[in-house]
>>> print(open('run-v7.cif').read())   # mmCIF, C-alpha atoms
data_my_file
#
loop_
_atom_site.label_atom_id
_atom_site.label_comp_id
_atom_site.auth_asym_id
_atom_site.auth_seq_id
_atom_site.Cartn_x
_atom_site.Cartn_y
_atom_site.Cartn_z
CA MET A 114 -48.50 33.09 -77.98
CA PHE A 115 -45.39 31.02 -78.59
CA LYS A 116 -43.09 33.98 -77.97
CA ARG A 117 -44.82 34.69 -74.65
CA HIS A 118 -44.29 31.12 -73.46
CA PHE A 119 -40.70 31.22 -74.65
CA PHE A 120 -39.90 34.34 -72.64
CA ILE A 121 -41.58 32.88 -69.53
CA ILE A 122 -39.46 29.75 -69.81
CA VAL A 123 -36.26 31.74 -70.30
CA ALA A 124 -37.08 33.97 -67.31
CA GLY A 125 -37.67 30.90 -65.10
CA ALA A 126 -34.38 29.37 -66.18
CA VAL A 127 -32.53 32.59 -65.37
CA VAL A 128 -34.07 32.73 -61.89
CA ALA A 129 -33.15 29.08 -61.28
CA LEU A 130 -29.55 29.71 -62.37
CA MET A 131 -29.33 32.70 -60.03
CA LEU A 132 -30.56 30.60 -57.11
CA VAL A 133 -28.03 27.85 -57.87
CA ALA A 134 -25.24 30.44 -58.11
CA ALA A 135 -26.24 31.93 -54.75
CA VAL A 136 -26.22 28.51 -53.08
CA LEU A 137 -22.82 27.66 -54.54
CA LYS A 138 -21.43 31.01 -53.43
CA ILE A 139 -22.63 30.50 -49.87
CA THR A 140 -21.32 26.93 -49.78
CA LEU A 141 -17.94 27.72 -51.25
CA GLY A 142 -17.65 30.84 -49.15
CA ASN A 143 -18.12 28.97 -45.83
CA ASP A 144 -16.44 25.65 -46.57
CA GLY A 145 -14.11 26.48 -49.44
CA PRO A 146 -10.38 25.99 -49.37
CA ALA A 147 -8.22 27.92 -46.98
CA GLY A 148 -6.71 30.02 -49.74
CA ALA A 149 -10.00 30.93 -51.46
CA GLY A 150 -10.25 34.21 -49.63
CA GLY A 151 -13.79 33.47 -48.31
CA PRO A 152 -14.89 33.73 -44.71
CA GLY A 153 -13.52 30.30 -43.99
CA GLY A 154 -10.04 30.93 -45.36
CA PRO A 155 -7.17 32.65 -43.61
CA GLY A 156 -7.30 35.52 -46.03
CA GLY A 157 -10.97 36.26 -45.33
CA ARG A 158 -12.69 38.01 -42.52
CA GLY A 159 -12.90 34.86 -40.32
CA GLY A 160 -9.24 33.84 -40.53
CA GLY A 161 -10.08 30.16 -39.86
CA GLN A 162 -12.50 28.24 -37.72
CA LEU A 163 -13.49 29.98 -34.52
CA VAL A 164 -12.66 27.82 -31.48
CA ALA A 165 -12.63 28.28 -27.71
CA ALA A 166 -9.12 28.25 -26.29
CA THR A 167 -7.81 27.54 -22.81
CA SER A 168 -4.48 27.11 -21.10
CA PRO A 169 -3.45 24.30 -18.73
CA GLN A 170 -4.00 25.39 -15.15
CA SER A 171 -2.43 24.06 -11.98
CA ARG A 172 -5.04 22.21 -9.93
CA GLU A 173 -5.07 20.09 -6.82
CA PHE A 174 -5.58 16.36 -7.35
CA SER A 175 -5.90 13.61 -4.78
CA ASP A 176 -4.71 10.02 -5.17
CA ASP A 177 -7.87 8.18 -4.20
CA LEU A 178 -8.23 4.42 -4.12
CA LYS A 179 -11.83 3.83 -5.21
CA VAL A 180 -13.39 0.39 -4.81
CA LEU A 181 -16.81 -1.19 -4.39
CA GLY A 182 -18.01 -2.94 -1.24
CA VAL A 183 -21.20 -4.31 0.27
CA ALA A 184 -22.53 -2.98 3.56
CA ARG A 185 -22.94 -5.45 6.42
CA SER A 186 -24.32 -4.83 9.87
CA LEU A 187 -21.93 -4.97 12.79
CA ARG A 188 -23.75 -8.08 14.02
CA SER A 189 -26.38 -10.01 12.11
CA VAL A 190 -28.27 -13.22 12.76
CA ASN A 191 -31.26 -15.18 11.47
CA ILE A 192 -33.61 -16.23 14.26
CA THR A 193 -34.45 -19.91 13.71
CA SER A 194 -35.76 -22.87 15.72
CA SER A 195 -33.65 -25.92 16.54
CA THR A 196 -36.67 -28.24 16.49
CA SER A 197 -39.91 -28.68 14.55
CA GLU A 198 -42.65 -27.16 16.69
CA LEU A 199 -45.68 -24.90 16.68
CA ILE A 200 -45.38 -21.24 17.63
CA THR A 201 -47.77 -20.36 20.43
CA LYS A 202 -46.83 -16.70 21.05
CA VAL A 203 -45.16 -13.86 19.11
CA PHE A 204 -43.76 -11.04 21.26
CA PHE A 205 -42.48 -8.58 18.62
CA ASN A 206 -43.55 -6.41 15.69
CA ASP A 207 -41.84 -6.06 12.32
CA GLY A 208 -39.00 -3.56 12.38
CA GLN A 209 -39.01 -3.31 16.18
CA ALA A 210 -35.84 -2.38 18.07
CA VAL A 211 -35.21 -4.90 20.87
CA ARG A 212 -32.75 -5.16 23.70
CA VAL A 213 -30.49 -8.12 24.39
CA GLY A 214 -32.40 -11.09 25.83
CA ALA A 215 -35.83 -9.79 24.78
CA PRO A 216 -38.30 -12.67 24.12
CA LEU A 217 -39.27 -13.00 20.47
CA VAL A 218 -41.44 -16.12 20.05
CA GLU A 219 -42.58 -18.99 22.27
CA LEU A 220 -42.80 -22.57 21.01
CA GLN A 221 -45.29 -25.15 22.22
CA ALA A 222 -43.99 -26.48 25.57
CA SER A 223 -46.64 -28.82 27.04
CA GLU A 224 -44.17 -31.64 27.70
CA GLU A 225 -41.63 -29.30 29.22
CA ASP A 226 -44.26 -27.84 31.59
CA ALA A 227 -45.24 -31.34 32.69
CA ALA A 228 -41.59 -32.28 33.25
CA ILE A 229 -41.13 -29.25 35.49
CA LEU A 230 -44.13 -30.24 37.62
CA GLN A 231 -42.78 -33.76 37.98
CA ALA A 232 -39.28 -32.59 38.87
CA ARG A 233 -40.59 -30.17 41.47
CA ALA A 234 -42.72 -32.89 43.06
CA GLN A 235 -39.68 -35.16 43.26
CA LEU A 236 -37.69 -32.31 44.78
CA ALA A 237 -40.30 -31.77 47.48
CA GLN A 238 -40.28 -35.50 48.32
CA SER A 239 -36.48 -35.56 48.52
CA GLN A 240 -36.53 -32.49 50.77
CA ARG A 241 -38.92 -34.17 53.24
CA GLU A 242 -36.89 -37.38 53.36
CA TYR A 243 -33.70 -35.46 53.95
CA ASP A 244 -35.23 -33.45 56.80
CA ARG A 245 -36.55 -36.60 58.47
CA TYR A 246 -33.30 -38.58 58.22
CA LYS A 247 -31.31 -35.59 59.41
CA ILE A 248 -33.36 -35.34 62.62
CA LEU A 249 -33.18 -39.11 63.24
CA SER A 250 -29.46 -39.09 62.65
CA GLU A 251 -28.93 -36.27 65.13
CA ARG A 252 -30.96 -38.21 67.76
CA GLY A 253 -28.97 -41.39 67.10
CA VAL A 254 -32.02 -43.33 65.96
CA ALA A 255 -30.91 -43.70 62.31
CA PRO A 256 -27.41 -44.19 60.94
CA ARG A 257 -25.69 -41.06 59.69
CA VAL A 258 -25.22 -42.67 56.29
CA MET A 259 -29.00 -42.57 55.79
CA ALA A 260 -28.97 -38.81 56.18
CA GLU A 261 -26.06 -38.52 53.74
CA ASN A 262 -27.91 -40.62 51.16
CA ALA A 263 -30.98 -38.46 51.56
CA GLU A 264 -28.90 -35.32 51.04
CA THR A 265 -27.47 -36.75 47.81
CA ALA A 266 -30.97 -37.56 46.57
CA LEU A 267 -32.06 -34.00 47.39
CA GLN A 268 -29.22 -32.51 45.34
CA SER A 269 -30.07 -34.76 42.39
CA ALA A 270 -33.72 -33.65 42.56
CA ARG A 271 -32.65 -30.00 42.46
CA ALA A 272 -30.53 -30.68 39.37
CA VAL A 273 -33.48 -32.37 37.66
CA VAL A 274 -35.63 -29.30 38.31
CA GLN A 275 -32.95 -27.00 36.87
CA ALA A 276 -32.65 -29.18 33.76
CA ALA A 277 -36.42 -29.19 33.25
CA GLU A 278 -36.62 -25.42 33.63
CA ALA A 279 -33.73 -24.99 31.16
CA ARG A 280 -35.55 -27.10 28.58
CA ARG A 281 -38.64 -24.99 29.17
CA GLY A 282 -36.58 -21.81 28.68
CA ASP A 283 -35.32 -23.10 25.34
CA ARG A 284 -38.91 -22.98 24.08
CA ILE A 285 -38.68 -19.16 24.18
CA LEU A 286 -36.42 -17.71 21.49
CA ARG A 287 -34.70 -14.51 22.65
CA ALA A 288 -32.64 -11.76 21.01
CA PRO A 289 -28.93 -12.62 21.36
CA PHE A 290 -27.99 -8.91 21.15
CA ALA A 291 -29.62 -5.52 20.86
CA GLY A 292 -30.69 -4.61 17.35
CA VAL A 293 -33.53 -4.09 14.89
CA LEU A 294 -35.79 -6.93 13.75
CA GLY A 295 -36.72 -7.49 10.13
CA LEU A 296 -39.96 -8.60 8.54
CA THR A 297 -41.64 -11.86 9.50
CA THR A 298 -44.52 -14.00 8.30
CA VAL A 299 -44.99 -16.21 11.37
CA THR A 300 -48.01 -16.02 13.64
CA PRO A 301 -49.25 -18.12 16.58
CA GLY A 302 -49.99 -21.54 15.16
CA THR A 303 -47.23 -21.49 12.53
CA LEU A 304 -45.26 -24.71 12.33
CA VAL A 305 -41.52 -24.05 12.07
CA SER A 306 -38.74 -26.51 11.40
CA PRO A 307 -34.95 -26.35 11.91
CA GLY A 308 -33.47 -23.75 9.57
CA THR A 309 -36.73 -21.88 9.00
CA VAL A 310 -36.03 -18.13 9.35
CA ILE A 311 -38.52 -16.67 11.82
CA THR A 312 -37.07 -13.15 11.56
CA THR A 313 -33.75 -11.36 11.20
CA LEU A 314 -31.85 -9.28 13.75
CA ASP A 315 -29.25 -6.66 12.83
CA ASP A 316 -27.15 -4.35 14.94
CA LEU A 317 -27.25 -1.13 12.88
CA SER A 318 -25.31 1.07 15.29
CA SER A 319 -22.29 0.61 13.00
CA ILE A 320 -21.89 -0.69 9.48
CA ARG A 321 -18.91 -2.63 8.21
CA VAL A 322 -17.85 -2.80 4.57
CA ASP A 323 -15.39 -5.39 3.27
CA PHE A 324 -13.53 -4.52 0.07
CA ALA A 325 -10.54 -5.82 -1.87
CA VAL A 326 -7.35 -3.74 -1.96
CA PRO A 327 -4.51 -4.41 -4.46
CA GLU A 328 -1.42 -5.58 -2.63
CA ARG A 329 0.63 -2.59 -3.84
CA PHE A 330 -1.34 -0.40 -1.41
CA LEU A 331 -0.44 -2.49 1.66
CA SER A 332 2.40 -0.13 2.59
CA THR A 333 0.03 2.87 2.80
CA LEU A 334 -3.11 1.33 4.33
CA ARG A 335 -3.43 0.26 7.93
CA ALA A 336 -6.02 0.03 10.69
CA GLY A 337 -7.27 3.52 11.52
CA THR A 338 -6.86 4.98 8.02
CA ALA A 339 -9.71 7.42 7.31
CA LEU A 340 -11.92 6.86 4.28
CA THR A 341 -15.22 7.95 2.78
CA ALA A 342 -18.08 6.14 1.10
CA THR A 343 -21.11 7.01 -1.00
CA ALA A 344 -24.29 5.12 -1.87
CA ASP A 345 -26.73 5.44 -4.75
CA ALA A 346 -29.58 5.70 -2.25
CA TYR A 347 -28.21 9.03 -0.95
CA PRO A 348 -26.92 11.15 -3.87
CA GLY A 349 -24.48 13.83 -2.82
CA ARG A 350 -24.06 12.45 0.70
CA THR A 351 -20.72 11.22 2.01
CA PHE A 352 -20.22 8.83 4.93
CA GLU A 353 -17.04 9.05 7.01
CA GLY A 354 -15.38 5.94 8.41
CA ARG A 355 -12.10 4.21 9.16
CA ILE A 356 -10.38 0.95 8.32
CA SER A 357 -10.80 -1.35 11.32
CA LEU A 358 -8.91 -4.41 10.13
CA MET A 359 -6.69 -5.66 7.29
CA ASP A 360 -6.75 -9.36 6.50
CA VAL A 361 -3.50 -11.21 7.17
CA ARG A 362 -3.57 -13.08 3.85
CA VAL A 363 -3.23 -11.92 0.25
CA ASP A 364 -5.39 -13.77 -2.27
CA GLU A 365 -3.09 -15.68 -4.60
CA GLN A 366 -5.46 -15.39 -7.54
CA THR A 367 -6.37 -11.70 -7.41
CA ARG A 368 -3.25 -10.44 -5.60
CA ALA A 369 -5.51 -8.42 -3.33
CA VAL A 370 -6.12 -8.28 0.40
CA THR A 371 -9.48 -7.79 2.08
CA ALA A 372 -9.88 -4.66 4.18
CA ARG A 373 -12.75 -4.06 6.59
CA ALA A 374 -14.04 -0.56 7.21
CA GLU A 375 -16.51 0.58 9.85
CA PHE A 376 -18.92 3.50 9.49
CA PRO A 377 -20.95 4.97 12.38
CA ASN A 378 -24.64 4.61 11.56
CA PRO A 379 -26.57 6.33 14.37
CA GLY A 380 -29.62 7.05 12.20
CA GLY A 381 -29.70 3.62 10.61
CA ASP A 382 -29.59 5.15 7.12
CA ILE A 383 -27.11 2.61 5.76
CA ARG A 384 -28.86 -0.73 5.33
CA PRO A 385 -27.15 -4.13 5.17
CA GLY A 386 -26.68 -5.25 1.59
CA MET A 387 -26.32 -1.75 0.09
CA MET A 388 -23.61 -1.22 -2.50
CA MET A 389 -21.04 1.27 -1.21
CA ARG A 390 -18.38 3.14 -3.20
CA VAL A 391 -15.41 3.40 -0.88
CA ALA A 392 -12.67 5.99 -1.47
CA VAL A 393 -9.39 6.02 0.44
CA ARG A 394 -7.48 9.29 0.08
CA GLN A 395 -3.75 8.69 -0.34
CA GLY A 396 -2.59 12.29 -0.57
CA GLN A 397 -2.87 15.52 -2.59
CA ARG A 398 -0.65 17.05 -5.27
CA GLN A 399 -0.56 19.97 -7.70
CA ALA A 400 -0.59 19.18 -11.42
CA LEU A 401 -1.48 20.78 -14.76
CA ALA A 402 -5.03 20.11 -15.92
CA VAL A 403 -7.35 20.91 -18.80
CA PRO A 404 -11.13 20.51 -19.10
CA GLU A 405 -12.37 17.06 -20.04
CA ALA A 406 -13.84 18.46 -23.28
CA ALA A 407 -10.33 19.40 -24.43
CA VAL A 408 -9.05 15.81 -24.37
CA GLN A 409 -9.72 13.27 -27.11
CA TYR A 410 -9.18 9.56 -26.48
CA GLU A 411 -8.28 7.00 -29.12
CA GLY A 412 -7.55 3.50 -27.93
CA ALA A 413 -5.02 3.72 -25.11
CA GLY A 414 -3.84 7.20 -26.12
CA ALA A 415 -5.03 10.71 -25.30
CA PHE A 416 -4.70 13.80 -27.51
CA VAL A 417 -5.27 17.54 -27.39
CA TYR A 418 -5.19 20.21 -30.10
CA ARG A 419 -2.50 22.73 -29.26
CA ILE A 420 -2.75 26.14 -30.91
CA ALA A 421 0.59 26.69 -32.61
CA GLY A 422 2.01 29.45 -34.78
CA SER A 423 2.71 29.17 -38.51
CA ASP A 424 3.39 31.44 -41.51
CA GLN A 425 -0.37 31.73 -42.08
CA GLY A 426 -1.25 32.45 -38.44
CA SER A 427 -2.65 30.08 -35.81
CA ILE A 428 -3.18 26.39 -36.58
CA ALA A 429 -4.53 23.43 -34.59
CA GLN A 430 -1.72 20.98 -33.88
CA ARG A 431 -2.62 17.53 -32.57
CA VAL A 432 -0.42 16.59 -29.61
CA GLU A 433 -0.34 13.31 -27.72
CA VAL A 434 -0.45 13.70 -23.93
CA GLN A 435 -0.33 11.39 -20.95
CA ALA A 436 -3.58 11.78 -19.05
CA GLY A 437 -3.77 11.10 -15.35
CA THR A 438 -6.58 11.44 -12.82
CA VAL A 439 -9.98 12.77 -13.87
CA GLU A 440 -11.58 14.83 -11.11
CA SER A 441 -14.31 17.50 -11.00
CA GLY A 442 -14.46 17.85 -14.79
CA PHE A 443 -10.70 18.28 -15.30
CA VAL A 444 -8.08 15.86 -16.63
CA GLU A 445 -4.60 15.77 -15.16
CA ILE A 446 -1.90 16.20 -17.81
CA VAL A 447 1.18 14.27 -16.75
CA THR A 448 3.29 14.95 -19.88
CA GLY A 449 2.81 16.62 -23.25
CA LEU A 450 1.88 20.21 -22.29
CA SER A 451 3.32 23.14 -20.37
CA ALA A 452 1.63 25.97 -18.53
CA ASN A 453 2.36 28.37 -21.44
CA ASP A 454 0.54 26.29 -24.04
CA ARG A 455 -2.92 27.07 -25.33
CA VAL A 456 -5.26 24.29 -26.46
CA VAL A 457 -8.67 23.98 -28.10
CA ALA A 458 -11.18 23.67 -25.28
CA SER A 459 -14.12 22.08 -27.13
CA GLY A 460 -15.45 20.95 -30.49
CA LEU A 461 -12.56 18.60 -31.20
CA ASN A 462 -14.62 16.54 -33.65
CA ARG A 463 -14.74 19.53 -36.04
CA ILE A 464 -11.01 20.25 -35.98
CA GLN A 465 -8.57 18.94 -38.58
CA PRO A 466 -4.84 18.72 -37.70
CA GLY A 467 -3.01 21.66 -39.24
CA ALA A 468 -6.21 23.56 -40.00
CA PRO A 469 -6.17 27.36 -39.47
CA VAL A 470 -8.13 28.52 -36.45
CA ARG A 471 -8.96 31.71 -34.67
CA THR A 472 -9.33 31.52 -30.93
CA GLU A 473 -11.82 33.00 -28.55
CA ASP A 474 -11.01 33.31 -24.86
CA LYS A 475 -13.41 34.45 -22.19
CA SER A 476 -11.76 37.84 -21.96
CA LYS A 477 -10.98 38.61 -25.62
CA THR A 478 -10.99 37.26 -29.18
CA GLN A 479 -7.78 36.65 -31.11
CA THR A 480 -7.67 36.27 -34.90
CA ALA A 481 -5.09 34.87 -37.22
CA ALA A 482 -3.70 38.38 -37.71
CA ALA A 483 -2.50 38.36 -34.11
CA PRO A 484 0.94 36.75 -33.75
CA ALA A 485 0.90 33.34 -32.09
CA LYS A 486 3.68 31.77 -30.10
CA ALA A 487 6.19 29.67 -31.93
CA ASP A 488 5.64 25.95 -32.10
CA ARG A 489 8.08 24.22 -29.82
#
>>> encode(input="run-v7.cif", output="structure tokens")
Amino acid sequence: MFKRHFFIIVAGAVVALMLVAAVLKITLGNDGPAGAGGPGGPGGRGGGQLVAATSPQSREFSDDLKVLGVARSLRSVNITSSTSELITKVFFNDGQAVRVGAPLVELQASEEDAAILQARAQLAQSQREYDRYKILSERGVAPRVMAENAETALQSARAVVQAAEARRGDRILRAPFAGVLGLTTVTPGTLVSPGTVITTLDDLSSIRVDFAVPERFLSTLRAGTALTATADAYPGRTFEGRISLMDVRVDEQTRAVTARAEFPNPGGDIRPGMMMRVAVRQGQRQALAVPEAAVQYEGAGAFVYRIAGSDQGSIAQRVEVQAGTVESGFVEIVTGLSANDRVVASGLNRIQPGAPVRTEDKSKTQTAAAPAKADR
């Protein structure tokens, strides 16, 4: 019985040792040193870590000035009352488009109506007296000065009527320009006071956007310069406009000047208050570029892994580059690379400087056995 248990224990230990040996072999074979001859070493079948390689390509970049601005309507006003009074009539609906001079609300005007009646009665009396004195003066019965005094009184009565009618007209609030009305909460019977917003009126035929421009761009921007804008409310849509005015003063604190752009808005899609991303295109140029995934940033510097030649084959060489504009998934390379270089396109976090690599392009796969170009 004891011998049977002993052999079972020995057999289990042997199996466990075999499993441990297999795990160690797999681990050392994949991640062992470069000279171990395993799949991960240059002398093995893999010849180094397999990486995707690419070469800098010439691409077209544009020098765009990109800033943020807030959309404003071409004309905008809050409709308010100049006196405290009750609203007796409301002539509009929320969101209604109105023409210039359209009546919006009517305020209580009992006193003004009474004043008009009184002024018109006085005008009628003055008219009768003038007619009578005019006839008597022509017949020589009354002095001519009496007719002249009656004419003066008649003109004064007409002016009083006009003033009373003007005060009555002020009790009707009208649209100062054509536009679209906003929401309102007033109804007949609402008491409004000076400064109370009855509704808003915006001219949405065009939208203006004010934005700050660094003073170094003053020599290239002027009225009429074309620009584009985008808004989060309309992904993928671009609005075309032009700079209509440049402010005459530069802010002493920010060293920037305010520019005003105008965008046609026939459909009223752009709403006042929307955040707009304005881009002013300064020009286009050709420059070398690599995919964004091929560039690694550390602090203020940018790096790529250039595939260089060595005695053992291809190695990943870390090279500092000067990165420029980022556009459409590509990074402009100002200095540090040439068109003949080949760089690691992705997986930079797994690469060690000087480590052996084997590259894989879209068209073919190169191993360490293939000669690589000399490191410059």
>>> resolve_selection(input="run-v7.cif", expression="the PyMOL selection byres ((chain A and resi 440) around 12)", output="PyMOL selection string")
chain A and resi 172-177+400+402-405+436-439+441-446
>>> atom_distance(input="run-v7.cif", atom1="CA of Gly214 in chain A", atom2="CA of Thr300 in chain A")
20.4 Å
>>> resolve_selection(input="run-v7.cif", expression="the PyMOL selection byres ((chain A and resi 181-190) around 8)", output="ChimeraX atom specification")
/A:179-180,191-192,313-324,383-391
>>> resolve_selection(input="run-v7.cif", expression="the PyMOL selection byres ((chain A and resi 296) around 12)", output="ChimeraX atom specification")
/A:191-192,205-209,293-295,297-299,310-315
>>> write_last_selection(input="run-v7.cif", atoms="C-alpha atoms", output="short mmCIF file (atom, residue, chain, number, x, y, z; two decimals), in the frame of the given file")
data_model
loop_
_atom_site.label_atom_id
_atom_site.label_comp_id
_atom_site.auth_asym_id
_atom_site.auth_seq_id
_atom_site.Cartn_x
_atom_site.Cartn_y
_atom_site.Cartn_z
CA ASN A 191 -31.26 -15.18 11.47
CA ILE A 192 -33.61 -16.23 14.26
CA PHE A 205 -42.48 -8.58 18.62
CA ASN A 206 -43.55 -6.41 15.69
CA ASP A 207 -41.84 -6.06 12.32
CA GLY A 208 -39.00 -3.56 12.38
CA GLN A 209 -39.01 -3.31 16.18
CA VAL A 293 -33.53 -4.09 14.89
CA LEU A 294 -35.79 -6.93 13.75
CA GLY A 295 -36.72 -7.49 10.13
CA THR A 297 -41.64 -11.86 9.50
CA THR A 298 -44.52 -14.00 8.30
CA VAL A 299 -44.99 -16.21 11.37
CA VAL A 310 -36.03 -18.13 9.35
CA ILE A 311 -38.52 -16.67 11.82
CA THR A 312 -37.07 -13.15 11.56
CA THR A 313 -33.75 -11.36 11.20
CA LEU A 314 -31.85 -9.28 13.75
CA ASP A 315 -29.25 -6.66 12.83
#
>>> atom_distance(input="run-v7.cif", atom1="CA of Gly449 in chain A", atom2="CA of Arg431 in chain A")
10.8 Å
>>> atom_distance(input="run-v7.cif", atom1="CA of Arg281 in chain A", atom2="CA of Leu230 in chain A")
11.4 Å
>>> closest_residue(input="run-v7.cif", among="A:Leu334, A:Leu178, A:Ala392, A:Ala166", to="Asp454 in chain A", atoms="all atoms listed in the file")
A:Ala166
>>> closest_residue(input="run-v7.cif", among="A:Gln162, A:Glu278, A:Thr265, A:Arg284", to="Thr201 in chain A", atoms="all atoms listed in the file")
A:Arg284
>>> build_atoms(input="run-v7.cif", residues="range 369-380 of chain A", atoms="N, CA and C atoms", output="PDB file, in the coordinates of the input")
ATOM      1  N   ALA A 369      -4.860  -9.478  -4.110  1.00  0.00           N
ATOM      2  CA  ALA A 369      -5.510  -8.420  -3.330  1.00  0.00           C
ATOM      3  C   ALA A 369      -5.730  -8.918  -1.909  1.00  0.00           C
ATOM      4  N   VAL A 370      -5.854  -7.981  -0.998  1.00  0.00           N
ATOM      5  CA  VAL A 370      -6.120  -8.280   0.400  1.00  0.00           C
ATOM      6  C   VAL A 370      -7.437  -7.641   0.786  1.00  0.00           C
ATOM      7  N   THR A 371      -8.177  -8.303   1.652  1.00  0.00           N
ATOM      8  CA  THR A 371      -9.480  -7.790   2.080  1.00  0.00           C
ATOM      9  C   THR A 371      -9.303  -6.834   3.251  1.00  0.00           C
ATOM     10  N   ALA A 372      -9.875  -5.654   3.106  1.00  0.00           N
ATOM     11  CA  ALA A 372      -9.880  -4.660   4.180  1.00  0.00           C
ATOM     12  C   ALA A 372     -11.297  -4.500   4.694  1.00  0.00           C
ATOM     13  N   ARG A 373     -11.429  -4.258   5.978  1.00  0.00           N
ATOM     14  CA  ARG A 373     -12.750  -4.060   6.590  1.00  0.00           C
ATOM     15  C   ARG A 373     -12.823  -2.653   7.169  1.00  0.00           C
ATOM     16  N   ALA A 374     -13.823  -1.915   6.725  1.00  0.00           N
ATOM     17  CA  ALA A 374     -14.040  -0.560   7.210  1.00  0.00           C
ATOM     18  C   ALA A 374     -15.303  -0.508   8.046  1.00  0.00           C
ATOM     19  N   GLU A 375     -15.330   0.399   9.003  1.00  0.00           N
ATOM     20  CA  GLU A 375     -16.510   0.580   9.850  1.00  0.00           C
ATOM     21  C   GLU A 375     -16.975   2.031   9.743  1.00  0.00           C
ATOM     22  N   PHE A 376     -18.299   2.187   9.607  1.00  0.00           N
ATOM     23  CA  PHE A 376     -18.920   3.500   9.490  1.00  0.00           C
ATOM     24  C   PHE A 376     -19.968   3.663  10.588  1.00  0.00           C
ATOM     25  N   PRO A 377     -19.878   4.711  11.402  1.00  0.00           N
ATOM     26  CA  PRO A 377     -20.950   4.970  12.380  1.00  0.00           C
ATOM     27  C   PRO A 377     -22.282   5.151  11.648  1.00  0.00           C
ATOM     28  N   ASN A 378     -23.329   4.570  12.216  1.00  0.00           N
ATOM     29  CA  ASN A 378     -24.640   4.610  11.560  1.00  0.00           C
ATOM     30  C   ASN A 378     -25.722   4.906  12.606  1.00  0.00           C
ATOM     31  N   PRO A 379     -25.620   6.060  13.283  1.00  0.00           N
ATOM     32  CA  PRO A 379     -26.570   6.330  14.370  1.00  0.00           C
ATOM     33  C   PRO A 379     -28.017   6.429  13.907  1.00  0.00           C
ATOM     34  N   GLY A 380     -28.251   6.917  12.697  1.00  0.00           N
ATOM     35  CA  GLY A 380     -29.620   7.050  12.200  1.00  0.00           C
ATOM     36  C   GLY A 380     -30.133   5.825  11.495  1.00  0.00           C
TER      37      GLY A 380
END
